[in-house]
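The block underneath contains the structure these notes are about, expressed in structure tokens.
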Amino acid sequence: MHGMQVELPEGHLVSPERRRLLRQAGMVALFCCLPRTLYGAVAAQWYRETIDVLQMTYANEFMSRERYLAFAQQALKEGHANIAHLFAALAASEAVHARNYRKILQALGVKAVKPDVSAIKVDTTRDNLRYAAEDELAEVDKLYPELLARLAPEGHKDAIEKVEWSWQAERQHRELIAQILSGTGIFFGVLSEKFRQSSVRYFVCENCGSTLIELPNEKCPVCDKPVDIYREIKRVG
Ligand SMILES: [Fe+2]
Ligand SMILES: [Fe+2]
């Protein structure tokens with residue numbers, strides 16, 4: 001048998017040595033590539049609902065980030081530097097959420113789909129604040145329990161944890177916006193002036209997006225990471 005050549009259907013001649021090498025290469029490919037492909041296929045099936053939820057939350061967070069950045073620019077144009085600062089902090093937090101979801105999707109072998117940001121509408125700063133409070137954050141207590149209920153059966157721990165983190169951060173956002181919005185209406189100018197004079201600082205946890213006006217003592221109250229994971233948000237403009 002040694003030295004014998006085998007004719008392939010295409011007419012190529014392959015020596016036994018070459019066949020051995022090809023077989024070895026095939027085994028390597030089998031061990032290296034197949035499990036990966038298989039993992040992707042199994043994950044896509046096993047975590048089908050989780051992937052749907054993650055795509056949705058990724059799109060929402062991405063959109064919120066873009067919207068808050070646009071709102072920050074609008075606030076600057078109107079001379080509300082402190083409100084622009086708040087919107088910049090919210091945008092930074094949403095960016096952390098979007099990144100967290102994108103990473104999980106990536107680990108599941110799925111590409112995160114970016115939403116169409118051209119639908120973002122920017123109004124006056126007063127209306128933008130109302131939009132953020134009423135349309136975007138009002139549903140927080142309804143939407144997140146629904147998302148967590150959808151995630152529960154497949155039990156993807158990382159996805160569940162990140163949705164819980166986002167939920168807590170969105171509540172903080174709602175609080176921060178409510179603080180400026182309370183009693184606005186015709187008094188908006190007066191209140192924003194008052195807000196303009198105060199020097200609020202914003203800190204965002206780079207791990208979970210928690211958004212605070214004071215650094216916590218030791219650990220992030222949302223994700224438990226040591227406090228040095230927090231980044232202070234620079235004022236814009
Ligand atoms: Fe968020
Ligand atoms: Fe955190």
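Lettering and numbering for the structure tokens are positional, with chains as A, B, ... in the shown order, residues counted from 1 in each chain, and ligands counted from 1 in the shown order.
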
Inset, instruction - Once DSSP has gone over the backbone, tell me which residues of segment 30-222 of chain A are in strand (DSSP E), as an MDAnalysis selection string. - result: chainID A and resid 203:205 211:212

Inset, instruction - For Val227 of chain A, work out the shell of residues within 10 Å, counting only C-alpha atoms and skipping chain neighbours fewer than 2 positions away, then give it as a ChimeraX atom specification. - result: /A:205,215-221,224-225,229-231

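Pairwise distance (atom CA of Thr124 of chain A, atom CA of Gln74 of chain A) equals 7.1 Å.
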
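In this model, the gap between atom 1 (Fe, counted along the ligand's line) of ligand 2 and atom CA of Gln172 of chain A comes to 12.2 Å.
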
Inset, instruction - Go through the chains and note each residue within 6 Å of ligand 1, using only C-alpha atoms and all ligand atoms, then give the set as a list in words. - result: Glu61, Glu94, His97, Ser166 and Glu170 of chain A

Can you write out the residues you just picked, keeping C-alpha atoms, as an mmCIF file, in the first residue's frame?
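What follows is the written file result_16.cif:
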```cif
data_model
loop_
_atom_site.group_PDB
_atom_site.id
_atom_site.type_symbol
_atom_site.label_atom_id
_atom_site.label_comp_id
_atom_site.auth_asym_id
_atom_site.auth_seq_id
_atom_site.Cartn_x
_atom_site.Cartn_y
_atom_site.Cartn_z
ATOM 1 C CA GLU A 61 -30.795 51.473 24.763
ATOM 2 C CA GLU A 94 -27.587 54.002 28.166
ATOM 3 C CA HIS A 97 -26.549 49.151 28.787
ATOM 4 C CA SER A 166 -30.904 48.417 33.376
ATOM 5 C CA GLU A 170 -33.840 53.546 34.474
#
```

Inset, instruction - Name the residues of segment 99-192 of chain A that come out as helix (DSSP H, G or I) in a backbone DSSP run; write them as a PyMOL selection string. - result: chain A and resi 99-107+117-119+125-136+140-154+157-181+185-192

Legend entry - Distance query Lys121 of chain A at most 10 Å, only C-alpha atoms, self and fewer than 4 positions along chain excluded, as a PyMOL selection string: chain A and resi 67+70-71+117+128+131

Filtering to N, CA and C atoms, could you give me those residues as a compact mmCIF listing (two decimals), in the first residue's frame?
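out_13.txt was written with the following content:
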```txt
# COMPACT_ATOMS: atom_id res chain seq x y z
N ARG A 67 -30.89 59.60 21.54
CA ARG A 67 -31.90 60.62 21.83
C ARG A 67 -31.38 61.58 22.91
N ALA A 70 -28.91 63.97 21.58
CA ALA A 70 -29.57 65.02 20.80
C ALA A 70 -30.25 66.02 21.74
N PHE A 71 -30.86 65.51 22.80
CA PHE A 71 -31.51 66.39 23.79
C PHE A 71 -30.47 67.28 24.48
N VAL A 117 -31.94 55.45 13.73
CA VAL A 117 -32.01 56.60 14.64
C VAL A 117 -32.63 57.84 13.98
N ASN A 128 -38.65 67.93 25.74
CA ASN A 128 -37.75 66.78 25.73
C ASN A 128 -37.70 66.12 27.10
N TYR A 131 -40.88 64.32 27.53
CA TYR A 131 -40.86 63.09 26.72
C TYR A 131 -40.08 62.00 27.47
```

Legend entry - Selection near Leu151 of chain A, 8 Å with only C-alpha atoms, sequence-local residues under 4 positions removed, as a ChimeraX atom specification: /A:49-50,53,147,155-156,159-160

Inset, instruction - Would you kindly return, as JSON, numbers by chain, each protein, DNA or RNA residue with an atom no farther than 8 Å from any atom of Val140 of chain A, considering only C-alpha atoms and excluding same-chain residues fewer than 4 positions away? - result: {"A": [136, 144, 167, 170, 171]}

Legend entry - Who sits within 9 Å of Ala84 of chain A, only C-alpha atoms, same chain under 3 positions skipped, as a count of residues only: 17

Inset, instruction - Find, counting only C-alpha atoms, the residue in A:Ala169, A:Val96, A:Val163, A:Leu129 that gets nearest to Thr57 of chain A. - result: A:Val163

Inset, instruction - Could you please determine the separation between atom CA of Gly40 of chain A and atom CA of Gly109 of chain A in Å, to one decimal place? - result: 5.3 Å

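Residues with any atom within 12 Å of Lys114 of chain A, counting only C-alpha atoms and excluding same-chain neighbours fewer than 6 positions away, are Leu54, Gln55, Met56, Thr57, Tyr58, Ala59, Asn60, Glu61, Phe62, Met63, Glu66, Ala98, Arg99, Tyr101 and Arg102 of chain A.
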